[in-house]
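**Student:** Pasting target_31.cif below, which is mmCIF, C-alpha atoms and all ligand atoms.
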```
data_work
#
loop_
_atom_site.label_atom_id
_atom_site.label_comp_id
_atom_site.auth_asym_id
_atom_site.auth_seq_id
_atom_site.Cartn_x
_atom_site.Cartn_y
_atom_site.Cartn_z
CA MET P 176 -14.19 19.40 -6.57
CA LEU P 177 -12.99 15.85 -6.05
CA ARG P 178 -14.03 14.68 -2.55
CA ILE P 179 -11.50 12.34 -0.95
CA ALA P 180 -11.69 10.42 2.37
CA VAL P 181 -8.37 10.19 4.26
CA PRO P 182 -7.75 8.18 7.48
CA ASN P 183 -7.57 10.55 10.47
CA LYS P 184 -5.72 8.18 12.88
CA GLY P 185 -4.11 4.76 13.22
CA SER P 186 -1.46 3.06 11.05
CA LEU P 187 -2.87 4.40 7.79
CA SER P 188 -3.10 8.06 8.72
CA GLU P 189 0.48 9.37 8.56
CA PRO P 190 1.69 7.43 5.50
CA ALA P 191 -1.49 8.38 3.61
CA SER P 192 -1.01 12.09 4.33
CA ALA P 193 2.70 11.85 3.48
CA MET P 194 1.88 10.31 0.12
CA LEU P 195 -0.76 12.94 -0.67
CA HIS P 196 1.76 15.64 0.26
CA GLU P 197 4.33 14.08 -2.08
CA ALA P 198 1.69 14.08 -4.81
CA GLY P 199 1.44 17.86 -4.45
CA TYR P 200 -1.73 18.15 -2.37
CA ARG P 201 -2.14 20.35 0.70
CA GLN P 202 -2.40 18.37 3.92
CA ARG P 203 -3.62 19.42 7.34
CA LYS P 204 -1.16 20.89 9.87
CA ASP P 205 -3.43 20.34 12.85
CA ARG P 206 -4.62 16.76 13.53
CA ARG P 207 -7.96 18.15 14.73
CA GLU P 208 -8.86 19.53 11.28
CA LEU P 209 -11.74 17.47 9.88
CA VAL P 210 -12.06 18.96 6.40
CA LEU P 211 -9.44 20.64 4.24
CA VAL P 212 -10.04 22.38 0.93
CA ASP P 213 -7.14 22.36 -1.53
CA ALA P 214 -8.59 24.96 -3.90
CA GLU P 215 -5.57 25.05 -6.23
CA ASN P 216 -5.92 21.32 -6.97
CA GLU P 217 -9.72 21.35 -6.77
CA VAL P 218 -9.80 18.69 -4.10
CA GLU P 219 -11.58 18.51 -0.75
CA PHE P 220 -10.16 16.13 1.89
CA PHE P 221 -12.33 14.63 4.65
CA PHE P 222 -10.37 13.18 7.56
CA LEU P 223 -12.41 10.23 8.81
CA ARG P 224 -12.06 7.13 10.98
CA PRO P 225 -10.35 4.45 8.82
CA ARG P 226 -13.24 2.05 9.45
CA ASP P 227 -15.83 4.54 8.19
CA ILE P 228 -14.12 5.40 4.91
CA ALA P 229 -15.53 2.50 2.86
CA VAL P 230 -19.02 3.38 4.16
CA TYR P 231 -18.81 7.00 2.96
CA VAL P 232 -17.31 6.05 -0.39
CA GLY P 233 -19.71 3.13 -0.89
CA SER P 234 -22.68 5.42 -0.25
CA GLY P 235 -21.48 7.74 -3.01
CA LYS P 236 -21.20 10.76 -0.67
CA LEU P 237 -17.45 10.89 -1.27
CA ASP P 238 -15.79 10.12 -4.62
CA ILE P 239 -12.77 8.14 -3.44
CA GLY P 240 -10.94 7.21 -0.25
CA ILE P 241 -7.77 5.72 1.16
CA THR P 242 -8.25 2.72 3.45
CA GLY P 243 -7.00 -0.81 4.11
CA ARG P 244 -8.16 -3.73 1.95
CA ASP P 245 -9.13 -5.56 5.17
CA LEU P 246 -11.32 -2.65 6.31
CA LEU P 247 -12.93 -2.38 2.88
CA LEU P 248 -13.86 -6.07 2.76
CA ASP P 249 -14.94 -6.11 6.40
CA SER P 250 -17.34 -3.23 5.81
CA GLY P 251 -19.25 -5.07 3.08
CA SER P 252 -19.75 -1.64 1.55
CA PRO P 253 -20.32 -1.37 -2.23
CA ALA P 254 -16.85 0.04 -2.93
CA GLU P 255 -13.90 -1.36 -4.87
CA GLU P 256 -10.12 -1.12 -4.93
CA ILE P 257 -8.66 0.96 -7.78
CA LEU P 258 -5.00 1.39 -6.74
CA GLN P 259 -2.63 -0.39 -4.33
CA LEU P 260 -0.50 2.03 -2.33
CA GLY P 261 2.20 -0.29 -0.94
CA PHE P 262 2.09 0.76 2.73
CA ALA P 263 0.37 -0.62 5.87
CA GLY P 264 1.05 -4.12 4.61
CA SER P 265 -0.31 -6.83 6.90
CA THR P 266 -1.96 -10.23 6.91
CA PHE P 267 -5.19 -11.13 8.63
CA ARG P 268 -4.86 -14.38 10.57
CA TYR P 269 -6.28 -16.69 13.20
CA ALA P 270 -4.34 -17.29 16.40
CA THR P 271 -4.85 -19.27 19.57
CA ARG P 272 -3.11 -20.91 22.54
CA PRO P 273 -0.95 -23.84 21.44
CA GLY P 274 -2.94 -27.07 21.35
CA THR P 275 -6.41 -25.50 20.81
CA ALA P 276 -6.86 -25.99 17.04
CA LYS P 277 -4.74 -26.20 13.90
CA ASP P 278 -6.95 -24.44 11.37
CA VAL P 279 -10.43 -23.16 10.57
CA SER P 280 -11.84 -26.65 9.93
CA GLU P 281 -11.52 -27.38 13.69
CA PHE P 282 -13.35 -24.24 14.91
CA GLY P 283 -16.88 -25.77 15.02
CA GLY P 284 -18.66 -24.75 18.26
CA MET P 285 -15.83 -22.40 19.33
CA THR P 286 -15.90 -18.61 19.85
CA ILE P 287 -13.72 -16.27 17.79
CA ALA P 288 -12.99 -12.70 18.95
CA THR P 289 -12.12 -10.06 16.34
CA SER P 290 -12.47 -6.42 15.30
CA PHE P 291 -13.23 -7.62 11.77
CA SER P 292 -16.40 -9.63 12.30
CA GLY P 293 -17.62 -9.15 8.72
CA LEU P 294 -14.45 -10.73 7.34
CA VAL P 295 -14.44 -13.57 9.87
CA ARG P 296 -18.14 -14.47 9.43
CA GLN P 297 -17.61 -14.60 5.67
CA HIS P 298 -14.49 -16.76 6.02
CA LEU P 299 -16.26 -19.21 8.38
CA ALA P 300 -19.24 -19.41 6.00
CA ASP P 301 -16.90 -20.00 3.01
CA ASN P 302 -15.38 -22.90 4.95
CA GLY P 303 -18.73 -24.28 6.11
CA VAL P 304 -17.81 -23.86 9.80
CA ASP P 305 -20.42 -23.11 12.47
CA ALA P 306 -18.70 -20.98 15.14
CA SER P 307 -19.62 -17.88 17.20
CA VAL P 308 -18.05 -14.50 16.54
CA VAL P 309 -17.56 -11.88 19.28
CA HIS P 310 -16.91 -8.35 18.03
CA LEU P 311 -14.32 -6.33 20.01
CA ASP P 312 -12.90 -2.91 19.24
CA GLY P 313 -9.20 -3.78 19.66
CA ALA P 314 -6.59 -5.52 21.83
CA VAL P 315 -8.36 -8.78 20.93
CA GLU P 316 -5.39 -10.89 22.10
CA THR P 317 -6.59 -10.43 25.68
CA ALA P 318 -9.95 -12.04 24.88
CA ILE P 319 -8.35 -15.49 25.11
CA GLN P 320 -6.66 -14.79 28.46
CA LEU P 321 -9.96 -13.53 29.88
CA GLY P 322 -11.92 -16.49 28.56
CA VAL P 323 -14.12 -14.52 26.16
CA ALA P 324 -12.97 -16.59 23.16
CA GLU P 325 -10.84 -19.64 22.26
CA ILE P 326 -9.63 -18.15 18.97
CA ILE P 327 -8.86 -14.63 17.76
CA ALA P 328 -8.59 -13.23 14.24
CA ASP P 329 -6.43 -10.13 13.91
CA VAL P 330 -4.05 -8.03 11.85
CA VAL P 331 -0.47 -9.37 11.91
CA GLU P 332 2.52 -7.39 10.77
CA THR P 333 5.63 -8.69 12.57
CA GLY P 334 3.77 -11.17 14.81
CA THR P 335 5.26 -9.59 17.95
CA THR P 336 1.91 -8.77 19.56
CA LEU P 337 0.73 -12.37 19.24
CA ARG P 338 4.02 -13.84 20.45
CA ASN P 339 4.00 -11.55 23.48
CA ALA P 340 0.48 -12.75 24.31
CA GLY P 341 1.65 -16.41 24.16
CA LEU P 342 -0.48 -17.12 21.07
CA GLU P 343 0.44 -18.97 17.89
CA ILE P 344 -0.74 -18.21 14.37
CA ILE P 345 -2.78 -21.05 12.87
CA GLY P 346 -3.98 -21.92 9.37
CA GLU P 347 -3.51 -20.08 6.11
CA PRO P 348 -3.75 -16.25 5.99
CA ILE P 349 -7.37 -15.16 5.68
CA LEU P 350 -6.27 -12.13 3.70
CA LYS P 351 -3.25 -10.09 2.62
CA SER P 352 -3.90 -6.40 3.12
CA GLU P 353 -2.32 -3.05 2.29
CA ALA P 354 -3.48 0.53 1.91
CA VAL P 355 -5.61 1.03 -1.21
CA VAL P 356 -7.55 3.74 -3.02
CA ILE P 357 -11.24 2.86 -3.31
CA ARG P 358 -14.26 4.20 -5.19
CA GLY P 359 -17.92 3.31 -5.16
CA THR P 360 -18.84 0.18 -7.14
CA GLY P 361 -20.39 1.28 -10.37
CA ALA P 362 -18.89 4.80 -10.25
CA PRO P 363 -17.78 5.79 -13.77
CA ASP P 364 -14.17 4.75 -14.40
CA ASP P 365 -13.52 7.63 -16.80
CA ASP P 366 -13.96 10.55 -14.36
CA PRO P 367 -11.08 12.85 -15.40
CA LYS P 368 -10.62 14.19 -11.84
CA VAL P 369 -10.24 10.67 -10.44
CA ARG P 370 -7.90 9.72 -13.26
CA GLN P 371 -5.68 12.72 -12.60
CA PHE P 372 -5.58 11.86 -8.88
CA LEU P 373 -4.59 8.25 -9.67
CA ARG P 374 -1.85 9.41 -12.09
CA ARG P 375 -0.40 11.61 -9.35
CA MET P 376 -0.42 8.78 -6.81
CA GLN P 377 1.10 6.37 -9.35
CA GLY P 378 3.75 9.02 -9.98
CA VAL P 379 4.67 8.97 -6.29
CA LEU P 380 4.84 5.16 -6.28
CA VAL P 381 7.18 5.15 -9.27
CA ALA P 382 9.31 8.00 -7.86
CA ARG P 383 9.69 5.99 -4.63
CA ARG P 384 10.51 2.70 -6.33
CA TYR P 385 12.83 3.81 -9.15
CA VAL P 386 16.02 5.81 -9.63
CA MET P 387 17.42 7.29 -12.84
CA MET P 388 20.67 5.64 -13.92
CA ASP P 389 23.22 7.16 -16.34
CA TYR P 390 26.42 5.58 -17.60
CA ASP P 391 28.91 5.63 -20.46
CA ILE P 392 29.84 2.45 -22.27
CA ARG P 393 31.65 1.34 -25.43
CA VAL P 394 29.27 0.78 -28.38
CA GLU P 395 30.12 -2.92 -28.69
CA HIS P 396 28.86 -3.57 -25.12
CA VAL P 397 25.70 -1.49 -25.27
CA GLU P 398 23.30 -4.37 -26.08
CA LYS P 399 24.44 -6.33 -23.01
CA ALA P 400 24.29 -3.21 -20.86
CA VAL P 401 20.74 -2.27 -21.83
CA GLY P 402 19.78 -5.87 -21.06
CA LEU P 403 20.63 -4.97 -17.43
CA THR P 404 18.85 -1.60 -17.63
CA PRO P 405 15.85 -2.12 -19.95
CA GLY P 406 13.95 0.83 -18.41
CA LEU P 407 10.20 1.11 -18.51
CA GLU P 408 9.85 1.58 -22.27
CA SER P 409 13.38 1.62 -23.65
CA PRO P 410 16.62 3.33 -22.56
CA THR P 411 17.85 6.54 -24.16
CA VAL P 412 21.18 5.94 -25.95
CA SER P 413 23.08 9.07 -27.10
CA PRO P 414 26.43 9.33 -28.89
CA LEU P 415 29.41 10.70 -26.94
CA HIS P 416 31.96 13.11 -28.41
CA HIS P 417 34.56 10.43 -27.71
CA GLU P 418 34.04 8.09 -30.70
CA GLY P 419 33.09 4.49 -29.97
CA TRP P 420 31.31 5.40 -26.70
CA VAL P 421 27.64 6.07 -25.94
CA ALA P 422 25.77 7.47 -22.93
CA VAL P 423 22.81 5.45 -21.66
CA ARG P 424 19.97 6.74 -19.46
CA SER P 425 17.35 4.46 -17.96
CA MET P 426 15.07 4.03 -14.93
CA VAL P 427 15.94 1.10 -12.67
CA PRO P 428 14.28 -0.24 -9.48
CA SER P 429 16.00 1.42 -6.48
CA LYS P 430 16.35 -1.90 -4.65
CA ASP P 431 18.45 -3.31 -7.53
CA ALA P 432 20.51 -0.17 -8.22
CA GLN P 433 23.74 -1.18 -6.44
CA ARG P 434 23.82 -4.67 -7.96
CA ILE P 435 23.17 -3.26 -11.45
CA MET P 436 25.95 -0.68 -10.99
CA ASP P 437 28.40 -3.49 -10.08
CA GLU P 438 27.36 -5.53 -13.12
CA LEU P 439 27.58 -2.50 -15.46
CA TYR P 440 31.06 -1.72 -14.12
CA ASP P 441 32.14 -5.31 -14.83
CA LEU P 442 30.82 -4.89 -18.39
CA GLY P 443 33.08 -1.87 -18.84
CA ALA P 444 30.60 0.93 -18.12
CA ARG P 445 32.06 4.03 -16.44
CA ALA P 446 30.73 7.27 -14.91
CA ILE P 447 27.76 5.30 -13.58
CA LEU P 448 25.45 7.67 -11.72
CA THR P 449 22.08 7.26 -10.05
CA THR P 450 19.78 10.16 -9.20
CA GLY P 451 16.48 10.23 -7.34
CA ILE P 452 13.19 10.86 -9.13
CA HIS P 453 11.02 13.41 -7.34
CA ALA P 454 7.87 13.07 -9.39
CA CYS P 455 6.77 11.56 -12.68
CA ARG P 456 3.86 10.76 -14.98
CA LEU P 457 4.23 7.58 -16.94
N1 LIG W 501 0.86 -3.09 12.93
C1 LIG W 501 0.34 -2.86 11.74
N2 LIG W 501 1.12 -2.89 10.64
C2 LIG W 501 0.62 -2.65 9.41
N3 LIG W 501 -0.66 -2.35 9.18
C3 LIG W 501 -1.47 -2.30 10.25
C4 LIG W 501 -1.02 -2.54 11.58
N4 LIG W 501 -2.06 -2.39 12.41
C5 LIG W 501 -3.11 -2.07 11.65
N5 LIG W 501 -2.75 -2.01 10.35
C6 LIG W 501 -3.62 -1.70 9.22
O1 LIG W 501 -4.23 -0.46 9.51
C7 LIG W 501 -5.61 -0.53 9.19
C8 LIG W 501 -6.39 -0.38 10.46
O2 LIG W 501 -6.37 0.91 10.78
P1 LIG W 501 -6.94 1.35 12.19
O3 LIG W 501 -6.63 2.78 12.29
O4 LIG W 501 -8.34 0.89 12.38
O5 LIG W 501 -6.14 0.47 13.21
P2 LIG W 501 -4.74 0.72 13.82
O6 LIG W 501 -3.75 1.17 12.82
O7 LIG W 501 -4.49 -0.55 14.52
O8 LIG W 501 -5.00 1.94 14.82
P3 LIG W 501 -5.72 1.97 16.24
O9 LIG W 501 -6.07 0.56 16.57
O10 LIG W 501 -4.68 2.54 17.12
O11 LIG W 501 -6.90 2.86 16.06
C9 LIG W 501 -5.87 -1.88 8.58
O12 LIG W 501 -5.84 -1.78 7.17
C10 LIG W 501 -4.73 -2.73 9.09
O13 LIG W 501 -4.37 -3.78 8.18
O1 LIG W 502 2.19 -8.17 14.23
P1 LIG W 502 2.51 -6.89 14.92
O2 LIG W 502 3.70 -6.21 14.34
O3 LIG W 502 2.63 -7.07 16.40
O4 LIG W 502 1.32 -5.85 14.65
C1 LIG W 502 -0.02 -6.22 14.70
C2 LIG W 502 -0.75 -5.51 15.79
O5 LIG W 502 -0.85 -4.10 15.48
C3 LIG W 502 -2.21 -3.69 15.59
O6 LIG W 502 -2.52 -3.41 16.91
P2 LIG W 502 -2.63 -1.96 17.54
O7 LIG W 502 -1.35 -1.61 18.20
O8 LIG W 502 -3.13 -1.00 16.56
O9 LIG W 502 -3.72 -2.22 18.66
P3 LIG W 502 -5.26 -2.63 18.48
O10 LIG W 502 -5.31 -4.11 18.70
O11 LIG W 502 -5.94 -1.86 19.55
O12 LIG W 502 -5.69 -2.23 17.12
C4 LIG W 502 -2.97 -4.95 15.23
O13 LIG W 502 -4.30 -4.89 15.70
C5 LIG W 502 -2.17 -6.05 15.89
O14 LIG W 502 -2.54 -6.25 17.22
MG MG W 503 -5.26 -1.31 15.78
#
```
With the file now loaded, output its structure as structure tokens.
**Tutor:**
Amino acid sequence: MLRIAVPNKGSLSEPASAMLHEAGYRQRKDRRELVLVDAENEVEFFFLRPRDIAVYVGSGKLDIGITGRDLLLDSGSPAEEILQLGFAGSTFRYATRPGTAKDVSEFGGMTIATSFSGLVRQHLADNGVDASVVHLDGAVETAIQLGVAEIIADVVETGTTLRNAGLEIIGEPILKSEAVVIRGTGAPDDDPKVRQFLRRMQGVLVARRYVMMDYDIRVEHVEKAVGLTPGLESPTVSPLHHEGWVAVRSMVPSKDAQRIMDELYDLGARAILTTGIHACRL
């Protein structure tokens, strides 16, 4: 059985379970379930605190896990990223009251509050800055108001939380994060069970990002048309009963589908259809 760690709460939890469900795995119906065996797929899921996932995977007790890149790096655990999942995107940044400091080089002697003290200590050391770090569990914005710290370092998505607290983001992003699949450093990279899991997850990513596009076009315009719809390997071109016309089938990125349809129409393509992809293996 492949043993997989899945976040049990927070921003990562629901999208991770939704993705696993789309990949054909059983997921828990009750949020209090801690372990779930998917016997048909030979997988056992352990629902754990997001922060603890890198620790379990790094120790080798679990084969792989889903967590945030920021949590992985903060943990210092011997685990590594093997697939980016494209959700829970955020940046990790410093913020303060206007006028306090402009970037990390000015933090000497100050106190920085954060829930990611591993990441912040490393960043300060990389920049040769001697500052104190106070570890808090969450709601770190309030640490400045209450005089616990002059600077905070926290996860930023839209920036609303910081703005509402009267704080401004300073300096370059410390890190760009998103949800990732991790495995223990040094775990074999040819484990067939892990490979199959990754193919399934990649299949979901592709199914979410691409649509299938079909259209008919006159033979003399087909080269230009396939330039707009090159597909992943190469488009399928089949003859039509109506001489001089061909049918083309190709995958295109969903976000570009409408623009490509307009451009194909202008080239003379007709019966242009897009259909969703539910699952795939590339
Ligand atoms: N607002 C957000 N938008 C996108 N990603 C976020 C957001 N808040 C946290 N994350 C990401 O979620 C992960 C943190 O998960 P965690 O469950 O510890 O915190 P949370 O989502 O803030 O939940 P909570 O603090 O309520 O427990 C990190 O990878 C972080 O980058
Ligand atoms: O940039 P924004 O869109 O405002 O999102 C970022 C905020 O979301 C998370 O907070 P959460 O609500 O999880 O509270 P926490 O501080 O207790 O983790 C994170 O810690 C930030 O505070
Ligand atoms: Mg949080």
**Student:** Kindly provide the residues of range 326-403 of chain P that approach range 278-290 of chain P to within 6 Å, each paired with its closest atom pair and their distance in Å to one decimal, based on all atoms listed in the file, listed by chain and increasing number, as JSON lines.
**Tutor:**
```
{"residue": "P:Ile326", "atom": "CA", "partner": "P:Ile287", "partner_atom": "CA", "distance": 4.7}
{"residue": "P:Ile327", "atom": "CA", "partner": "P:Ala288", "partner_atom": "CA", "distance": 4.7}
{"residue": "P:Ala328", "atom": "CA", "partner": "P:Thr289", "partner_atom": "CA", "distance": 5.2}
{"residue": "P:Ile345", "atom": "CA", "partner": "P:Asp278", "partner_atom": "CA", "distance": 5.6}
{"residue": "P:Gly346", "atom": "CA", "partner": "P:Asp278", "partner_atom": "CA", "distance": 4.4}
```
**Student:** Can you measure CA of Val218 in chain P to CA of Glu353 in chain P for me? One decimal in Å is fine.
**Tutor:**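 Computing the Euclidean distance for CA of Val218 in chain P and CA of Glu353 in chain P yields 23.9 Å.
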**Student:** How many Å separate CA of Asn339 in chain P from CA of Ser292 in chain P?
**Tutor:**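 Value for the CA of Asn339 in chain P-CA of Ser292 in chain P distance: 23.3 Å.
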**Student:** At a cut-off of 10 Å and counting only C-alpha atoms and all ligand atoms, what residues surround ligand LIG 502 (chain W)? Please answer as a list in words.
**Tutor:**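 Counting only C-alpha atoms and all ligand atoms, the residues within 10 Å of ligand LIG 502 (chain W) come out as Gly185, Ser186, Ser265, Thr266, Phe267, Thr289, Ser290, Leu311, Asp312, Gly313, Ala314, Val315, Glu316, Thr317, Ala328, Asp329, Val330, Val331, Glu332, Thr333, Gly334, Thr335, Thr336, Leu337, Arg338, Asn339 and Ala340 of chain P.
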**Student:** Selection from above, C-alpha atoms, as a tab-separated table (two decimals), in the frame of the given file, can you write it?
**Tutor:**
```tsv
chain	number	residue	atom	x	y	z
P	185	GLY	CA	-4.11	4.76	13.22
P	186	SER	CA	-1.46	3.06	11.05
P	265	SER	CA	-0.31	-6.83	6.90
P	266	THR	CA	-1.96	-10.23	6.91
P	267	PHE	CA	-5.19	-11.13	8.63
P	289	THR	CA	-12.12	-10.06	16.34
P	290	SER	CA	-12.47	-6.42	15.30
P	311	LEU	CA	-14.32	-6.33	20.01
P	312	ASP	CA	-12.90	-2.91	19.24
P	313	GLY	CA	-9.20	-3.78	19.66
P	314	ALA	CA	-6.59	-5.52	21.83
P	315	VAL	CA	-8.36	-8.78	20.93
P	316	GLU	CA	-5.39	-10.89	22.10
P	317	THR	CA	-6.59	-10.43	25.68
P	328	ALA	CA	-8.59	-13.23	14.24
P	329	ASP	CA	-6.43	-10.13	13.91
P	330	VAL	CA	-4.05	-8.03	11.85
P	331	VAL	CA	-0.47	-9.37	11.91
P	332	GLU	CA	2.52	-7.39	10.77
P	333	THR	CA	5.63	-8.69	12.57
P	334	GLY	CA	3.77	-11.17	14.81
P	335	THR	CA	5.26	-9.59	17.95
P	336	THR	CA	1.91	-8.77	19.56
P	337	LEU	CA	0.73	-12.37	19.24
P	338	ARG	CA	4.02	-13.84	20.45
P	339	ASN	CA	4.00	-11.55	23.48
P	340	ALA	CA	0.48	-12.75	24.31
```
**Student:** Using all atoms listed in the file for the distances, tell me which of P:Ala324, P:Ala180, P:Val212, P:Ile239 is nearest to Lys368 in chain P.
**Tutor:**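 The shortest atom-to-atom distance to Lys368 in chain P comes from P:Ile239.
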**Student:** Env of Arg393 in chain P: 7 Å cut, atoms = only C-alpha atoms, seq-sep filter 4 positions within chain, self excluded. Answer as an MDAnalysis selection string.
**Tutor:** chainID P and resid 397 419:421
**Student:** Nearest to ligand MG 503 (chain W): which of P:Leu237, P:Leu246, P:Val401, P:Ala382 is it, counting only C-alpha atoms and all ligand atoms?
**Tutor:** P:Leu246
**Student:** Applying 10 Å and all atoms listed in the file, which residues near Val232 in chain P remain after dropping the ones on its own chain fewer than 2 positions away? List them as a VMD selection string.
**Tutor:** chain P and resid 178 to 180 227 to 230 234 to 241 252 to 255 357 to 360
**Student:** Write out as number ranges by chain which residues come within 9 Å of Gly451 in chain P when counting all atoms listed in the file, dropping same-chain ones fewer than 6 positions away.
**Tutor:** P: 382-383, 385-387, 429
**Student:** Could you write those residues out with C-alpha atoms, as a compact mmCIF listing (two decimals), keeping the file's coordinate frame?
**Tutor:**
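Final output, saved to out_37.txt:
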```
# COMPACT_ATOMS: atom_id res chain seq x y z
CA ALA P 382 9.31 8.00 -7.86
CA ARG P 383 9.69 5.99 -4.63
CA TYR P 385 12.83 3.81 -9.15
CA VAL P 386 16.02 5.81 -9.63
CA MET P 387 17.42 7.29 -12.84
CA SER P 429 16.00 1.42 -6.48
```
**Student:** Using only C-alpha atoms and all ligand atoms, pick whichever of P:Ile257, P:Val210, P:Ile349, P:Ala263 has the shortest atom-to-atom distance to ligand MG 503 (chain W).
**Tutor:**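 Counting only C-alpha atoms and all ligand atoms, the residue closest to ligand MG 503 (chain W) is P:Ala263.
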**Student:** Have a look at P:Phe291, P:Tyr269, P:Phe221, P:Tyr440 and name the one nearest to Asn183 in chain P; count only C-alpha atoms.
**Tutor:**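 Between P:Phe291, P:Tyr269, P:Phe221, P:Tyr440, the residue approaching Asn183 in chain P most closely is P:Phe221.
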**Student:** Rounded to one decimal place, report the CA of Asn216 in chain P-CA of Val356 in chain P distance in Å.
**Tutor:**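 For CA of Asn216 in chain P relative to CA of Val356 in chain P, the distance reads 18.1 Å.
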**Student:** So which residues touch Ala400 in chain P within 7 Å, counting only C-alpha atoms, skipping near sequence neighbours fewer than 4 positions away, as an mmCIF file with C-alpha atoms, in the frame of the given file?
**Tutor:**
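Contents of the output file around.cif:
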```
data_model
loop_
_atom_site.group_PDB
_atom_site.id
_atom_site.type_symbol
_atom_site.label_atom_id
_atom_site.label_comp_id
_atom_site.auth_asym_id
_atom_site.auth_seq_id
_atom_site.Cartn_x
_atom_site.Cartn_y
_atom_site.Cartn_z
ATOM 1 C CA HIS P 396 28.860 -3.570 -25.120
ATOM 2 C CA THR P 404 18.850 -1.600 -17.630
ATOM 3 C CA LEU P 439 27.580 -2.500 -15.460
#
```
**Student:** Write a file for range 271-289 of chain P, containing N, CA and C atoms (output as a tab-separated table (two decimals), in the first residue's frame).
**Tutor:**
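Written output follows (decode_14.tsv):
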```tsv
chain	number	residue	atom	x	y	z
P	271	THR	N	5.36	45.64	7.57
P	271	THR	CA	5.53	46.46	8.77
P	271	THR	C	4.68	47.73	8.67
P	272	ARG	N	4.72	48.54	9.72
P	272	ARG	CA	4.04	49.85	9.66
P	272	ARG	C	4.85	50.76	8.75
P	273	PRO	N	4.19	51.58	7.95
P	273	PRO	CA	4.93	52.49	7.07
P	273	PRO	C	5.98	53.27	7.85
P	274	GLY	N	7.18	53.37	7.26
P	274	GLY	CA	8.23	54.18	7.90
P	274	GLY	C	9.18	53.39	8.79
P	275	THR	N	8.92	52.09	9.02
P	275	THR	CA	9.77	51.30	9.94
P	275	THR	C	11.06	50.84	9.25
P	276	ALA	N	10.92	50.21	8.09
P	276	ALA	CA	12.09	49.72	7.35
P	276	ALA	C	11.65	49.46	5.92
P	277	LYS	N	12.64	49.45	5.00
P	277	LYS	CA	12.28	49.24	3.58
P	277	LYS	C	12.54	47.81	3.12
P	278	ASP	N	13.57	47.18	3.67
P	278	ASP	CA	13.81	45.77	3.34
P	278	ASP	C	14.69	45.10	4.38
P	279	VAL	N	14.97	43.84	4.16
P	279	VAL	CA	15.64	43.00	5.16
P	279	VAL	C	16.97	43.59	5.64
P	280	SER	N	17.65	44.33	4.78
P	280	SER	CA	18.97	44.86	5.16
P	280	SER	C	18.86	45.84	6.34
P	281	GLU	N	17.66	46.36	6.59
P	281	GLU	CA	17.48	47.34	7.69
P	281	GLU	C	16.92	46.72	8.97
P	282	PHE	N	16.85	45.38	9.03
P	282	PHE	CA	16.19	44.73	10.17
P	282	PHE	C	17.11	44.51	11.38
P	283	GLY	N	18.39	44.84	11.27
P	283	GLY	CA	19.36	44.57	12.36
P	283	GLY	C	18.83	45.07	13.71
P	284	GLY	N	18.83	44.22	14.73
P	284	GLY	CA	18.39	44.60	16.07
P	284	GLY	C	16.88	44.60	16.27
P	285	MET	N	16.11	44.38	15.20
P	285	MET	CA	14.64	44.39	15.33
P	285	MET	C	14.11	43.00	15.66
P	286	THR	N	12.79	42.93	15.95
P	286	THR	CA	12.14	41.65	16.23
P	286	THR	C	11.12	41.35	15.15
P	287	ILE	N	11.15	40.13	14.65
P	287	ILE	CA	10.25	39.71	13.56
P	287	ILE	C	9.34	38.59	14.08
P	288	ALA	N	8.03	38.79	13.96
P	288	ALA	CA	7.07	37.76	14.39
P	288	ALA	C	6.61	36.96	13.18
P	289	THR	N	6.49	35.65	13.32
P	289	THR	CA	6.09	34.80	12.20
P	289	THR	C	5.67	33.41	12.69
```
